[in-house]
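Asker: This is work-v1.tsv, which holds TSV, C-alpha atoms and all ligand atoms:
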```
chain	number	residue	atom	x	y	z
A	449	MET	CA	0.00	0.00	0.00
A	450	LEU	CA	1.28	3.48	-0.89
A	451	GLU	CA	1.96	6.37	1.48
A	452	ALA	CA	-0.40	9.26	0.63
A	453	SER	CA	2.66	11.50	0.12
A	454	ASN	CA	3.64	9.36	-2.91
A	455	LEU	CA	0.34	9.85	-4.73
A	456	PRO	CA	0.22	11.92	-7.94
A	457	LEU	CA	-0.81	15.54	-7.31
A	458	PRO	CA	-4.38	16.31	-8.48
A	459	SER	CA	-4.93	19.22	-10.91
A	460	ASP	CA	-5.32	22.81	-9.64
A	461	ALA	CA	-9.07	22.75	-10.36
A	462	ALA	CA	-9.53	19.46	-8.50
A	463	ARG	CA	-7.56	20.79	-5.51
A	464	GLU	CA	-9.75	23.90	-5.45
A	465	ALA	CA	-12.88	21.72	-5.35
A	466	SER	CA	-11.32	19.70	-2.53
A	467	ASP	CA	-10.60	22.94	-0.61
A	468	ARG	CA	-14.29	23.86	-0.88
A	469	LEU	CA	-15.28	20.45	0.45
A	470	ALA	CA	-12.75	20.78	3.28
A	471	ASP	CA	-14.42	24.12	4.20
A	472	GLN	CA	-17.74	22.29	4.32
A	473	LEU	CA	-16.22	19.63	6.60
A	474	ARG	CA	-14.77	22.33	8.89
A	475	ARG	CA	-18.17	24.05	9.08
A	476	SER	CA	-19.70	20.74	10.08
A	477	ILE	CA	-17.10	20.26	12.85
A	478	ILE	CA	-17.66	23.85	14.10
A	479	GLU	CA	-21.46	23.47	14.04
A	480	GLN	CA	-21.21	20.30	16.12
A	481	GLY	CA	-18.80	22.07	18.50
A	482	ASP	CA	-16.90	18.79	18.54
A	483	PRO	CA	-14.97	16.46	16.26
A	484	ILE	CA	-17.37	14.62	13.96
A	485	GLY	CA	-17.82	10.85	13.69
A	486	PHE	CA	-15.92	9.25	10.82
A	487	ASP	CA	-19.28	8.21	9.32
A	488	GLU	CA	-20.21	11.90	9.05
A	489	TYR	CA	-16.79	12.74	7.54
A	490	MET	CA	-17.18	9.91	5.01
A	491	ARG	CA	-20.75	10.96	4.17
A	492	ILE	CA	-19.65	14.51	3.35
A	493	ALA	CA	-16.45	13.42	1.57
A	494	LEU	CA	-18.37	11.01	-0.69
A	495	TYR	CA	-21.87	12.44	-0.97
A	496	GLU	CA	-21.82	16.24	-0.51
A	497	PRO	CA	-23.85	17.49	-3.52
A	498	GLY	CA	-21.56	19.02	-6.18
A	499	LEU	CA	-18.33	18.31	-4.28
A	500	GLY	CA	-18.36	14.79	-2.77
A	501	TYR	CA	-16.45	12.03	-4.52
A	502	TYR	CA	-19.62	10.36	-5.86
A	503	LEU	CA	-21.64	13.55	-6.37
A	504	GLY	CA	-18.96	15.87	-7.74
A	505	ASN	CA	-18.27	16.89	-11.31
A	506	ALA	CA	-15.78	14.19	-12.26
A	507	ILE	CA	-16.32	10.63	-13.45
A	508	ASN	CA	-14.03	8.43	-11.41
A	509	PHE	CA	-14.95	4.95	-12.62
A	510	GLY	CA	-13.06	2.71	-15.00
A	511	VAL	CA	-9.62	2.44	-16.54
A	512	ASP	CA	-9.24	6.24	-16.78
A	513	GLY	CA	-10.54	6.75	-13.24
A	514	ASP	CA	-9.56	5.48	-9.82
A	515	PHE	CA	-10.76	1.87	-9.77
A	516	VAL	CA	-12.22	-0.83	-11.95
A	517	THR	CA	-15.26	-2.88	-10.93
A	518	ALA	CA	-16.28	-6.32	-12.23
A	519	PRO	CA	-18.68	-5.01	-14.93
A	520	GLU	CA	-15.87	-2.74	-16.21
A	521	LEU	CA	-13.48	-5.64	-16.32
A	522	SER	CA	-15.61	-8.01	-18.38
A	523	SER	CA	-19.06	-8.42	-19.86
A	524	LEU	CA	-18.85	-12.05	-18.66
A	525	PHE	CA	-19.82	-10.74	-15.22
A	526	GLY	CA	-23.09	-9.14	-16.40
A	527	ALA	CA	-23.89	-12.11	-18.65
A	528	SER	CA	-23.66	-14.52	-15.69
A	529	VAL	CA	-25.67	-12.19	-13.45
A	530	ALA	CA	-28.27	-12.02	-16.25
A	531	ARG	CA	-28.63	-15.83	-16.25
A	532	GLN	CA	-29.52	-15.71	-12.56
A	533	CYS	CA	-31.90	-12.79	-13.21
A	534	SER	CA	-33.56	-14.71	-16.02
A	535	GLU	CA	-34.35	-17.62	-13.69
A	536	ILE	CA	-35.82	-15.22	-11.10
A	537	LEU	CA	-37.83	-13.16	-13.61
A	538	GLN	CA	-39.47	-16.32	-14.94
A	539	HIS	CA	-40.98	-16.76	-11.47
A	540	THR	CA	-41.65	-13.16	-10.52
A	541	GLY	CA	-42.09	-11.24	-13.79
A	542	GLY	CA	-41.63	-7.52	-13.26
A	543	ASP	CA	-38.56	-5.32	-13.27
A	544	ILE	CA	-34.89	-4.99	-12.44
A	545	LEU	CA	-33.67	-2.18	-10.19
A	546	GLU	CA	-29.95	-1.42	-10.08
A	547	PHE	CA	-28.38	0.73	-7.37
A	548	GLY	CA	-25.59	3.17	-8.38
A	549	ALA	CA	-24.91	1.91	-11.91
A	550	GLY	CA	-21.40	3.33	-12.48
A	551	ASN	CA	-20.68	3.61	-16.22
A	552	GLY	CA	-23.86	1.66	-17.03
A	553	LEU	CA	-22.04	-1.45	-18.21
A	554	LEU	CA	-23.73	-3.92	-15.87
A	555	GLY	CA	-27.14	-2.70	-17.06
A	556	ALA	CA	-26.11	-2.99	-20.71
A	557	HIS	CA	-24.66	-6.51	-20.30
A	558	VAL	CA	-27.61	-7.75	-18.23
A	559	LEU	CA	-30.20	-6.35	-20.65
A	560	THR	CA	-28.53	-7.64	-23.82
A	561	THR	CA	-28.09	-11.13	-22.34
A	562	LEU	CA	-31.69	-11.20	-21.11
A	563	ASP	CA	-32.75	-10.17	-24.62
A	564	GLU	CA	-30.85	-13.15	-26.05
A	565	LEU	CA	-32.61	-15.36	-23.50
A	566	SER	CA	-35.99	-13.76	-24.37
A	567	VAL	CA	-36.64	-12.79	-20.73
A	568	VAL	CA	-36.45	-8.99	-20.89
A	569	PRO	CA	-37.77	-7.20	-17.78
A	570	GLU	CA	-40.61	-4.73	-18.19
A	571	ARG	CA	-38.41	-1.94	-16.85
A	572	TYR	CA	-34.71	-1.62	-15.97
A	573	MET	CA	-34.64	1.02	-13.25
A	574	ILE	CA	-31.39	2.71	-12.24
A	575	LEU	CA	-31.25	4.46	-8.88
A	576	GLU	CA	-28.46	6.95	-9.55
A	577	LEU	CA	-27.60	9.84	-7.24
A	578	ASN	CA	-25.27	11.66	-9.66
A	579	PRO	CA	-26.73	13.46	-12.73
A	580	LEU	CA	-23.37	13.25	-14.53
A	581	MET	CA	-23.33	9.47	-14.09
A	582	ARG	CA	-26.89	9.28	-15.40
A	583	GLU	CA	-25.67	10.89	-18.65
A	584	ARG	CA	-22.75	8.47	-18.83
A	585	GLN	CA	-25.09	5.50	-18.29
A	586	LEU	CA	-27.41	6.77	-21.02
A	587	GLN	CA	-24.46	6.98	-23.47
A	588	THR	CA	-23.36	3.42	-22.61
A	589	LEU	CA	-26.85	2.03	-23.03
A	590	GLN	CA	-27.39	3.97	-26.28
A	591	GLU	CA	-24.20	2.43	-27.60
A	592	LEU	CA	-24.58	-1.15	-26.36
A	593	ALA	CA	-28.33	-1.72	-26.04
A	594	PRO	CA	-30.15	0.95	-28.13
A	595	HIS	CA	-33.13	-1.33	-28.86
A	596	LEU	CA	-33.73	-1.79	-25.10
A	597	LEU	CA	-33.32	1.82	-24.05
A	598	SER	CA	-37.08	2.41	-23.87
A	599	ARG	CA	-37.19	0.02	-20.91
A	600	VAL	CA	-34.59	1.98	-18.92
A	601	GLU	CA	-35.75	4.49	-16.33
A	602	TRP	CA	-33.66	6.59	-13.96
A	603	LEU	CA	-34.80	7.13	-10.37
A	604	HIS	CA	-33.66	9.60	-7.70
A	605	ASP	CA	-35.14	7.55	-4.86
A	606	LEU	CA	-36.42	4.06	-4.30
A	607	PRO	CA	-39.84	3.49	-5.91
A	608	LYS	CA	-42.81	4.45	-3.72
A	609	CYS	CA	-44.62	1.20	-4.61
A	610	LYS	CA	-43.46	-2.35	-4.06
A	611	MET	CA	-41.81	-4.11	-6.99
A	612	ASN	CA	-41.53	-7.64	-8.32
A	613	GLY	CA	-38.32	-8.86	-9.91
A	614	VAL	CA	-34.63	-8.36	-9.14
A	615	ILE	CA	-32.62	-5.74	-7.27
A	616	LEU	CA	-28.91	-5.52	-8.13
A	617	ALA	CA	-26.28	-3.78	-6.00
A	618	ASN	CA	-22.66	-4.12	-7.09
A	619	GLU	CA	-20.08	-2.46	-4.84
A	620	ILE	CA	-22.65	-0.22	-3.14
A	621	ILE	CA	-22.40	-1.27	0.51
A	622	ASP	CA	-18.61	-0.73	0.65
A	623	ALA	CA	-19.29	2.93	-0.18
A	624	LEU	CA	-21.67	3.48	2.78
A	625	PRO	CA	-20.30	5.49	5.73
A	626	VAL	CA	-18.70	3.62	8.65
A	627	LYS	CA	-17.81	4.39	12.27
A	628	ILE	CA	-14.24	3.65	13.36
A	629	PHE	CA	-13.28	2.27	16.75
A	630	ARG	CA	-10.06	1.34	18.54
A	631	THR	CA	-9.90	-1.04	21.41
A	632	ALA	CA	-7.09	-2.02	23.80
A	633	ASP	CA	-6.82	-3.04	27.47
A	634	GLY	CA	-10.61	-3.43	27.73
A	635	ASP	CA	-11.37	0.17	26.65
A	636	ILE	CA	-13.38	0.95	23.52
A	637	HIS	CA	-12.74	4.30	21.83
A	638	GLU	CA	-14.40	5.97	18.89
A	639	ARG	CA	-12.06	7.52	16.32
A	640	ARG	CA	-13.60	10.83	15.33
A	641	VAL	CA	-12.32	13.55	13.00
A	642	ALA	CA	-10.96	16.92	14.16
A	643	GLN	CA	-9.65	19.82	12.09
A	644	LEU	CA	-6.07	21.05	11.85
A	645	ASP	CA	-4.95	24.34	10.27
A	646	ASP	CA	-4.12	22.49	7.08
A	647	GLY	CA	-6.35	19.42	7.14
A	648	PHE	CA	-7.93	16.82	9.40
A	649	THR	CA	-6.77	14.36	12.00
A	650	TRP	CA	-8.04	11.53	14.20
A	651	PHE	CA	-9.45	12.42	17.61
A	652	GLU	CA	-10.34	9.70	20.10
A	653	THR	CA	-13.11	9.73	22.69
A	654	HIS	CA	-14.68	6.98	24.77
A	655	ALA	CA	-17.17	5.24	22.53
A	656	PRO	CA	-20.83	6.00	23.38
A	657	GLU	CA	-22.52	3.02	25.00
A	658	TRP	CA	-24.45	1.96	21.87
A	659	LEU	CA	-21.21	1.83	19.86
A	660	ALA	CA	-19.30	0.05	22.62
A	661	SER	CA	-21.99	-2.63	22.83
A	662	ALA	CA	-22.01	-2.97	19.03
A	663	VAL	CA	-18.23	-3.52	19.20
A	664	ARG	CA	-18.63	-6.06	22.03
A	665	ALA	CA	-21.21	-7.92	19.95
A	666	ARG	CA	-18.75	-8.24	17.06
A	667	VAL	CA	-15.22	-8.45	18.44
A	668	ASP	CA	-13.97	-11.33	20.56
A	669	ALA	CA	-13.72	-10.36	24.27
A	670	SER	CA	-10.08	-11.51	24.40
A	671	ILE	CA	-9.16	-9.06	21.61
A	672	ILE	CA	-10.88	-6.18	23.46
A	673	ALA	CA	-9.16	-7.14	26.71
A	674	GLY	CA	-5.77	-7.60	24.99
A	675	GLY	CA	-2.96	-5.10	25.35
A	676	SER	CA	-2.50	-4.37	21.62
A	677	ASP	CA	-4.37	-1.78	19.59
A	678	TYR	CA	-7.18	-3.20	17.47
A	679	VAL	CA	-8.74	-0.75	15.00
A	680	SER	CA	-11.75	-1.56	12.83
A	681	GLU	CA	-15.03	-0.24	11.46
A	682	ILE	CA	-18.75	-0.73	11.93
A	683	ASN	CA	-21.08	0.10	9.07
A	684	THR	CA	-23.98	1.93	10.70
A	685	SER	CA	-25.77	2.50	7.38
A	686	ILE	CA	-26.50	-1.15	6.61
A	687	GLU	CA	-29.66	-1.42	8.72
A	688	PRO	CA	-31.45	1.61	7.24
A	689	TRP	CA	-30.35	0.54	3.74
A	690	VAL	CA	-31.81	-2.94	4.20
A	691	ASN	CA	-35.00	-1.53	5.78
A	692	ASP	CA	-35.50	0.64	2.70
A	693	LEU	CA	-34.97	-2.41	0.51
A	694	SER	CA	-37.51	-4.39	2.48
A	695	ARG	CA	-40.12	-1.66	1.94
A	696	VAL	CA	-40.03	-2.06	-1.86
A	697	MET	CA	-39.67	-5.86	-2.08
A	698	ASP	CA	-42.80	-7.86	-2.91
A	699	HIS	CA	-41.93	-10.95	-4.98
A	700	THR	CA	-38.33	-9.92	-5.24
A	701	VAL	CA	-34.73	-11.15	-5.04
A	702	ALA	CA	-31.92	-8.73	-4.18
A	703	LEU	CA	-28.42	-9.80	-5.30
A	704	ILE	CA	-25.76	-7.91	-3.39
A	705	PHE	CA	-22.18	-8.16	-4.69
A	706	ASP	CA	-19.26	-6.69	-2.81
A	707	TYR	CA	-15.88	-7.33	-1.28
A	708	GLY	CA	-16.07	-8.37	2.34
A	709	PHE	CA	-16.17	-11.13	4.87
A	710	THR	CA	-18.36	-13.03	7.28
A	711	ARG	CA	-18.22	-11.41	10.71
A	712	ALA	CA	-15.79	-13.97	12.13
A	713	ASP	CA	-13.33	-13.24	9.31
A	714	TYR	CA	-13.92	-9.49	9.36
A	715	TYR	CA	-13.10	-9.08	13.05
A	716	SER	CA	-10.39	-11.72	13.04
A	717	ARG	CA	-7.52	-11.41	15.50
A	718	ASP	CA	-5.04	-10.72	12.69
A	719	ARG	CA	-6.95	-7.88	11.04
A	720	THR	CA	-5.68	-5.34	13.54
A	721	GLN	CA	-6.03	-2.25	11.32
A	722	GLY	CA	-9.50	-2.84	9.87
A	723	THR	CA	-10.31	-2.58	6.17
A	724	LEU	CA	-10.61	1.15	5.47
A	725	MET	CA	-9.11	1.85	2.05
A	726	CYS	CA	-8.76	4.85	-0.25
A	727	HIS	CA	-8.36	4.73	-4.04
A	728	PHE	CA	-6.93	7.39	-6.31
A	729	ARG	CA	-5.95	6.63	-9.91
A	730	HIS	CA	-5.59	2.92	-9.26
A	731	ARG	CA	-3.37	3.45	-6.22
A	732	LYS	CA	-4.44	2.23	-2.79
A	733	HIS	CA	-3.58	3.91	0.47
A	734	ASN	CA	-5.09	4.39	3.93
A	735	ASN	CA	-5.22	8.14	4.55
A	736	PRO	CA	-8.87	9.27	4.27
A	737	PHE	CA	-7.85	12.90	4.96
A	738	TRP	CA	-5.86	13.24	1.73
A	739	PHE	CA	-7.71	15.74	-0.56
A	740	PRO	CA	-11.28	14.97	0.59
A	741	GLY	CA	-13.67	14.58	-2.33
A	742	LEU	CA	-10.96	13.53	-4.79
A	743	GLN	CA	-10.50	9.94	-3.68
A	744	ASP	CA	-12.74	6.98	-2.99
A	745	ILE	CA	-13.05	5.87	0.63
A	746	THR	CA	-14.36	2.36	1.28
A	747	ALA	CA	-14.56	-0.36	3.89
A	748	SER	CA	-15.15	-4.07	3.31
A	749	VAL	CA	-18.64	-5.41	3.95
A	750	ASP	CA	-19.60	-7.37	7.07
A	751	PHE	CA	-21.97	-9.80	5.33
A	752	THR	CA	-23.20	-11.12	8.68
A	753	ALA	CA	-24.46	-7.59	9.45
A	754	LEU	CA	-26.33	-7.55	6.13
A	755	ALA	CA	-27.88	-10.94	6.92
A	756	GLU	CA	-28.88	-9.83	10.45
A	757	ALA	CA	-30.43	-6.62	9.12
A	758	ALA	CA	-32.35	-8.67	6.55
A	759	ASP	CA	-33.56	-11.03	9.23
A	760	SER	CA	-34.91	-8.25	11.40
A	761	SER	CA	-36.72	-6.57	8.51
A	762	GLY	CA	-38.55	-9.67	7.35
A	763	ILE	CA	-36.28	-10.58	4.44
A	764	ARG	CA	-35.02	-14.14	3.90
A	765	VAL	CA	-31.33	-14.79	3.34
A	766	ALA	CA	-31.56	-17.20	0.43
A	767	GLY	CA	-27.92	-17.68	-0.57
A	768	PHE	CA	-24.37	-16.61	0.20
A	769	SER	CA	-21.34	-17.49	-1.82
A	770	GLU	CA	-17.95	-16.33	-3.01
A	771	GLN	CA	-18.42	-14.41	-6.24
A	772	GLY	CA	-16.27	-16.85	-8.24
A	773	ASN	CA	-18.49	-19.81	-7.31
A	774	PHE	CA	-21.65	-17.82	-8.03
A	775	LEU	CA	-20.41	-16.83	-11.50
A	776	LEU	CA	-19.30	-20.38	-12.33
A	777	ALA	CA	-22.68	-21.75	-11.20
A	778	SER	CA	-24.37	-19.09	-13.36
A	779	GLY	CA	-22.72	-20.31	-16.56
A	780	LEU	CA	-19.64	-18.09	-16.84
A	781	LEU	CA	-17.50	-20.86	-18.36
A	782	ASP	CA	-20.15	-21.73	-20.97
A	783	ASP	CA	-20.31	-18.09	-21.95
A	784	ALA	CA	-16.53	-17.82	-22.11
A	785	GLN	CA	-16.37	-21.01	-24.20
A	786	ARG	CA	-18.97	-19.67	-26.66
A	787	ARG	CA	-17.00	-16.47	-27.05
A	788	THR	CA	-13.82	-18.37	-27.91
A	789	GLU	CA	-15.44	-19.87	-31.00
A	790	LYS	CA	-14.13	-17.90	-33.99
A	791	ALA	CA	-12.00	-15.70	-31.67
A	792	ASN	CA	-8.53	-14.62	-32.76
A	793	ASP	CA	-5.49	-15.12	-30.50
A	794	ARG	CA	-5.79	-11.72	-28.94
A	795	THR	CA	-9.46	-12.20	-28.05
A	796	LEU	CA	-8.73	-15.68	-26.71
A	797	ALA	CA	-6.08	-14.26	-24.39
A	798	ARG	CA	-8.48	-11.54	-23.27
A	799	ILE	CA	-11.27	-14.03	-22.47
A	800	ALA	CA	-8.86	-16.23	-20.50
A	801	PHE	CA	-7.59	-13.20	-18.58
A	802	GLU	CA	-11.10	-11.95	-17.71
A	803	THR	CA	-12.25	-15.44	-16.66
A	804	LYS	CA	-9.26	-15.79	-14.35
A	805	ILE	CA	-9.64	-12.37	-12.72
A	806	LEU	CA	-13.36	-12.87	-12.09
A	807	THR	CA	-13.12	-16.39	-10.69
A	808	LEU	CA	-9.69	-17.20	-9.25
A	809	PRO	CA	-9.62	-17.12	-5.43
A	810	SER	CA	-6.40	-15.10	-5.55
A	811	GLU	CA	-8.13	-12.43	-7.72
A	812	MET	CA	-11.80	-11.37	-7.39
A	813	GLY	CA	-13.16	-14.91	-6.94
A	814	SER	CA	-13.00	-15.15	-3.14
A	815	ARG	CA	-12.65	-11.67	-1.79
A	816	PHE	CA	-15.91	-10.65	-3.49
A	817	LYS	CA	-19.07	-12.33	-2.23
A	818	VAL	CA	-22.73	-12.48	-3.28
A	819	LEU	CA	-25.64	-12.40	-0.87
A	820	ALA	CA	-29.18	-13.16	-2.07
A	821	LEU	CA	-32.05	-11.64	-0.07
A	822	THR	CA	-35.60	-12.64	-0.96
A	823	LYS	CA	-39.15	-11.71	-0.14
A	824	GLY	CA	-42.12	-13.59	-1.55
A	825	TYR	CA	-39.77	-15.89	-3.48
A	826	ASN	CA	-39.25	-19.54	-2.59
A	827	ALA	CA	-37.83	-21.05	-5.78
A	828	SER	CA	-34.18	-22.09	-5.85
A	829	LEU	CA	-31.37	-19.86	-7.08
A	830	SER	CA	-28.97	-21.62	-9.46
A	831	GLY	CA	-26.13	-19.26	-8.65
A	832	PHE	CA	-25.76	-20.96	-5.26
A	833	GLN	CA	-25.96	-24.54	-6.52
A	834	LEU	CA	-22.20	-25.01	-6.61
A	835	ARG	CA	-21.80	-23.71	-3.10
A	836	ASP	CA	-23.96	-22.00	-0.50
A	837	ASP	CA	-22.08	-20.70	2.54
A	838	ARG	CA	-25.04	-19.32	4.51
A	839	HIS	CA	-24.01	-21.42	7.50
A	840	ARG	CA	-20.85	-19.31	7.77
A	841	LEU	CA	-22.73	-16.02	8.23
B	1	LIG	C1	-17.90	1.72	-6.11
B	1	LIG	S1	-19.21	2.49	-6.89
B	1	LIG	C2	-19.91	1.15	-7.77
B	1	LIG	C3	-20.51	1.53	-9.08
B	1	LIG	C4	-21.12	0.42	-9.94
B	1	LIG	N1	-22.16	-0.30	-9.24
B	1	LIG	C5	-20.10	-0.53	-10.51
B	1	LIG	O1	-20.08	-1.67	-10.13
B	1	LIG	O2	-19.30	-0.11	-11.36
B	1	LIG	C6	-20.34	2.82	-5.59
B	1	LIG	C7	-21.60	3.54	-6.02
B	1	LIG	O3	-22.60	3.40	-5.01
B	1	LIG	C8	-23.44	4.52	-5.11
B	1	LIG	N2	-24.35	4.57	-3.94
B	1	LIG	C9	-24.07	4.58	-2.64
B	1	LIG	N3	-25.19	4.64	-1.88
B	1	LIG	C10	-26.22	4.63	-2.75
B	1	LIG	C11	-27.64	4.67	-2.61
B	1	LIG	N4	-28.20	4.72	-1.42
B	1	LIG	N5	-28.38	4.66	-3.74
B	1	LIG	C12	-27.82	4.59	-4.95
B	1	LIG	N6	-26.49	4.55	-5.16
B	1	LIG	C13	-25.70	4.58	-4.08
B	1	LIG	C14	-22.44	5.64	-5.19
B	1	LIG	O4	-23.02	6.84	-5.64
B	1	LIG	C15	-21.45	5.04	-6.20
B	1	LIG	O5	-21.81	5.39	-7.51
```
Output the structure of this file as structure tokens.
Ligand SMILES: C[S@@+](CC[C@H](N)C(=O)[O-])C[C@H]1O[C@@H](n2cnc3c(N)ncnc32)[C@H](O)[C@@H]1O
Answerer:
Amino acid sequence: MLEASNLPLPSDAAREASDRLADQLRRSIIEQGDPIGFDEYMRIALYEPGLGYYLGNAINFGVDGDFVTAPELSSLFGASVARQCSEILQHTGGDILEFGAGNGLLGAHVLTTLDELSVVPERYMILELNPLMRERQLQTLQELAPHLLSRVEWLHDLPKCKMNGVILANEIIDALPVKIFRTADGDIHERRVAQLDDGFTWFETHAPEWLASAVRARVDASIIAGGSDYVSEINTSIEPWVNDLSRVMDHTVALIFDYGFTRADYYSRDRTQGTLMCHFRHRKHNNPFWFPGLQDITASVDFTALAEAADSSGIRVAGFSEQGNFLLASGLLDDAQRRTEKANDRTLARIAFETKILTLPSEMGSRFKVLALTKGYNASLSGFQLRDDRHRL
């Protein structure tokens, strides 16, 4: 991992935008009369309208941006996801709703594959917070799926009515704000954010009781009692996110893809510095205070927390698997094989490369997981036929 001081310097205009966001963060700290929680810092840094990383005026996704997601890497991802969607839609009918659709590639690949399978959803809804990204998604869909564009609809909020069909969320939960805690010698502290003359810094206080008990519920008592520092995160936004999901689900399956762990692995003894990570132009580092608004800030997903939140809002956890196994069970190799017919050497090499990155445990295959949440849906889900690890949650 890089030191933030070794990162390339952003442009003058980008640094000016970051200065404006830093002013906004300082105002927030002054208004509170106290350092702010890291979740509040992360919310402003990522989602402040016009300035936050995801709501600013730059497109950060893809090869020319800061990170590449599975749909950017290969259309094999969307084609396999579409096979699972096709099975679901045959039972439920209805629509697909995608959260935060990035460059629009997942939507394009899912729709074109469903078209080939003759199971096109009535509507493909995209819940996108950033108007600039909406334009980018429209361009992608115009280019790759023009004949299906009439079915695509952009939303600013979740639908008011319940829906039937599929909900897709790829790399959404890792972008939700988290609290940070540190524990040692039996004490549990919250790491908050204070201002300096030229930036921001960590500021520790005793964790409020609700946070301390959330930490105790997740982290082994011997780690908390131990003499070494143990720093990690708790995603406080998962419960409201899942509750919102529950409100719109009728006969519906939500497929949630992200990097993360079961709780036991997340808060393992060895993971002493948590999972907070920042991305800027394909470089990873761990300083969230570096030019706020210009870099992505993420934390891995505690899939057990997602499953618990689902449980308490009346949603069934219907499958959990490493992403590689899910994609293989959803026909990724058949798709890859079909694409190799008539392919030249270069294309063959590309298909082999994409297949490996998506499925190998040492690449995206294991670190990324898929969780299926269902309401009003009792049929099986083929994507979990190869392996279903729900017992590990
Ligand atoms: C890492 S990006 C993933 C983009 C895309 N899904 C992909 O795979 O390329 C995270 C996205 O989640 C979006 N996001 C976070 N919370 C959201 C919410 N409540 N509704 C819709 N999008 C959300 C952010 O705006 C951002 O675009």
Asker: I'd like the neighbourhood of A:Gly510 as a ChimeraX atom specification, where a residue qualifies if any of its atoms comes within 12 Å (using all atoms listed in the file), though same-chain residues fewer than 3 positions away should be ignored.
Answerer: /A:507,513-522,550-553,584,728-730
Asker: Between atom CA of A:Leu703 and atom CA of A:Val600, what distance in Å does the model show, to one decimal?
Answerer: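 Atom CA of A:Val600 lies at a distance of 19.0 Å from atom CA of A:Leu703.
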Asker: Output as a Markdown table one row per residue of chain A within 9 Å of ligand LIG 1 (chain B): the closest atom pair and its distance in Å to one decimal place, counting only C-alpha atoms and all ligand atoms, sorted by chain and residue number ascending.
Answerer:
```
| residue | atom | partner | partner_atom | distance |
| --- | --- | --- | --- | --- |
| A:Leu494 | CA | B:LIG1 | O4 | 8.0 |
| A:Tyr495 | CA | B:LIG1 | O4 | 7.4 |
| A:Tyr501 | CA | B:LIG1 | O4 | 8.4 |
| A:Tyr502 | CA | B:LIG1 | O4 | 4.9 |
| A:Leu503 | CA | B:LIG1 | O4 | 6.9 |
| A:Phe509 | CA | B:LIG1 | O2 | 6.8 |
| A:Gly510 | CA | B:LIG1 | O2 | 7.8 |
| A:Phe515 | CA | B:LIG1 | C1 | 8.0 |
| A:Val516 | CA | B:LIG1 | O2 | 7.1 |
| A:Thr517 | CA | B:LIG1 | O2 | 4.9 |
| A:Ala518 | CA | B:LIG1 | O1 | 6.4 |
| A:Pro519 | CA | B:LIG1 | O1 | 6.0 |
| A:Glu520 | CA | B:LIG1 | O2 | 6.5 |
| A:Glu546 | CA | B:LIG1 | N1 | 7.9 |
| A:Phe547 | CA | B:LIG1 | C12 | 4.6 |
| A:Gly548 | CA | B:LIG1 | N6 | 3.6 |
| A:Ala549 | CA | B:LIG1 | N1 | 4.4 |
| A:Gly550 | CA | B:LIG1 | C4 | 3.9 |
| A:Asn551 | CA | B:LIG1 | O2 | 6.3 |
| A:Gly552 | CA | B:LIG1 | O2 | 7.5 |
| A:Leu553 | CA | B:LIG1 | O2 | 7.5 |
| A:Leu554 | CA | B:LIG1 | O1 | 7.2 |
| A:Ile574 | CA | B:LIG1 | C12 | 8.3 |
| A:Leu575 | CA | B:LIG1 | C12 | 5.2 |
| A:Glu576 | CA | B:LIG1 | C12 | 5.2 |
| A:Leu577 | CA | B:LIG1 | O4 | 5.7 |
| A:Asn578 | CA | B:LIG1 | O4 | 6.7 |
| A:Met581 | CA | B:LIG1 | O5 | 7.9 |
| A:His604 | CA | B:LIG1 | C12 | 8.2 |
| A:Asp605 | CA | B:LIG1 | N5 | 7.4 |
| A:Leu606 | CA | B:LIG1 | N5 | 8.1 |
| A:Leu616 | CA | B:LIG1 | N1 | 8.6 |
| A:Ala617 | CA | B:LIG1 | N1 | 6.3 |
| A:Asn618 | CA | B:LIG1 | N1 | 4.4 |
| A:Glu619 | CA | B:LIG1 | C2 | 4.7 |
| A:Ile620 | CA | B:LIG1 | O3 | 4.1 |
| A:Ile621 | CA | B:LIG1 | C9 | 6.9 |
| A:Asp622 | CA | B:LIG1 | C1 | 7.2 |
| A:Ala623 | CA | B:LIG1 | C6 | 5.5 |
| A:Leu624 | CA | B:LIG1 | N3 | 6.0 |
| A:Trp689 | CA | B:LIG1 | N4 | 7.0 |
| A:Phe705 | CA | B:LIG1 | O1 | 8.7 |
| A:Asp706 | CA | B:LIG1 | O1 | 8.9 |
| A:Asp744 | CA | B:LIG1 | C1 | 8.0 |
| A:Thr746 | CA | B:LIG1 | C1 | 8.2 |
```
Asker: If the box runs along x, y and z of the file and leaves 5 Å on each side of stretch 584-596 of chain A, what are its centre and edge lengths in Å, one decimal, as AutoDock Vina command-line options?
Answerer:
```
--center_x -28.2 --center_y 3.3 --center_z -23.6 --size_x 21.0 --size_y 20.3 --size_z 20.6
```
Asker: With a cut-off of 6 Å, could you pull out the residues of stretch 671-720 of chain A touching stretch 752-760 of chain A and give me the nearest pair of atoms for each, distance in Å to one decimal, using only C-alpha atoms, ordered by chain and ascending number, as a tab-separated table?
Answerer:
```
residue	atom	partner	partner_atom	distance
A:Glu687	CA	A:Ala757	CA	5.3
A:Thr710	CA	A:Thr752	CA	5.4
A:Arg711	CA	A:Thr752	CA	5.4
```
Asker: Separation of atom CA of A:Leu724 and atom CA of A:Gly500, in Å?
Answerer: 17.7 Å
Asker: Pick from A:Thr653, A:Ser523, A:Ser778, A:Thr723: nearest to A:Glu535, with all atoms listed in the file counted?
Answerer: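 Closest candidate: A:Ser778.
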Asker: Distance atom CA of A:Thr560-atom CA of A:Arg531, one decimal place?
Answerer: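 Those two atoms sit 11.2 Å apart.
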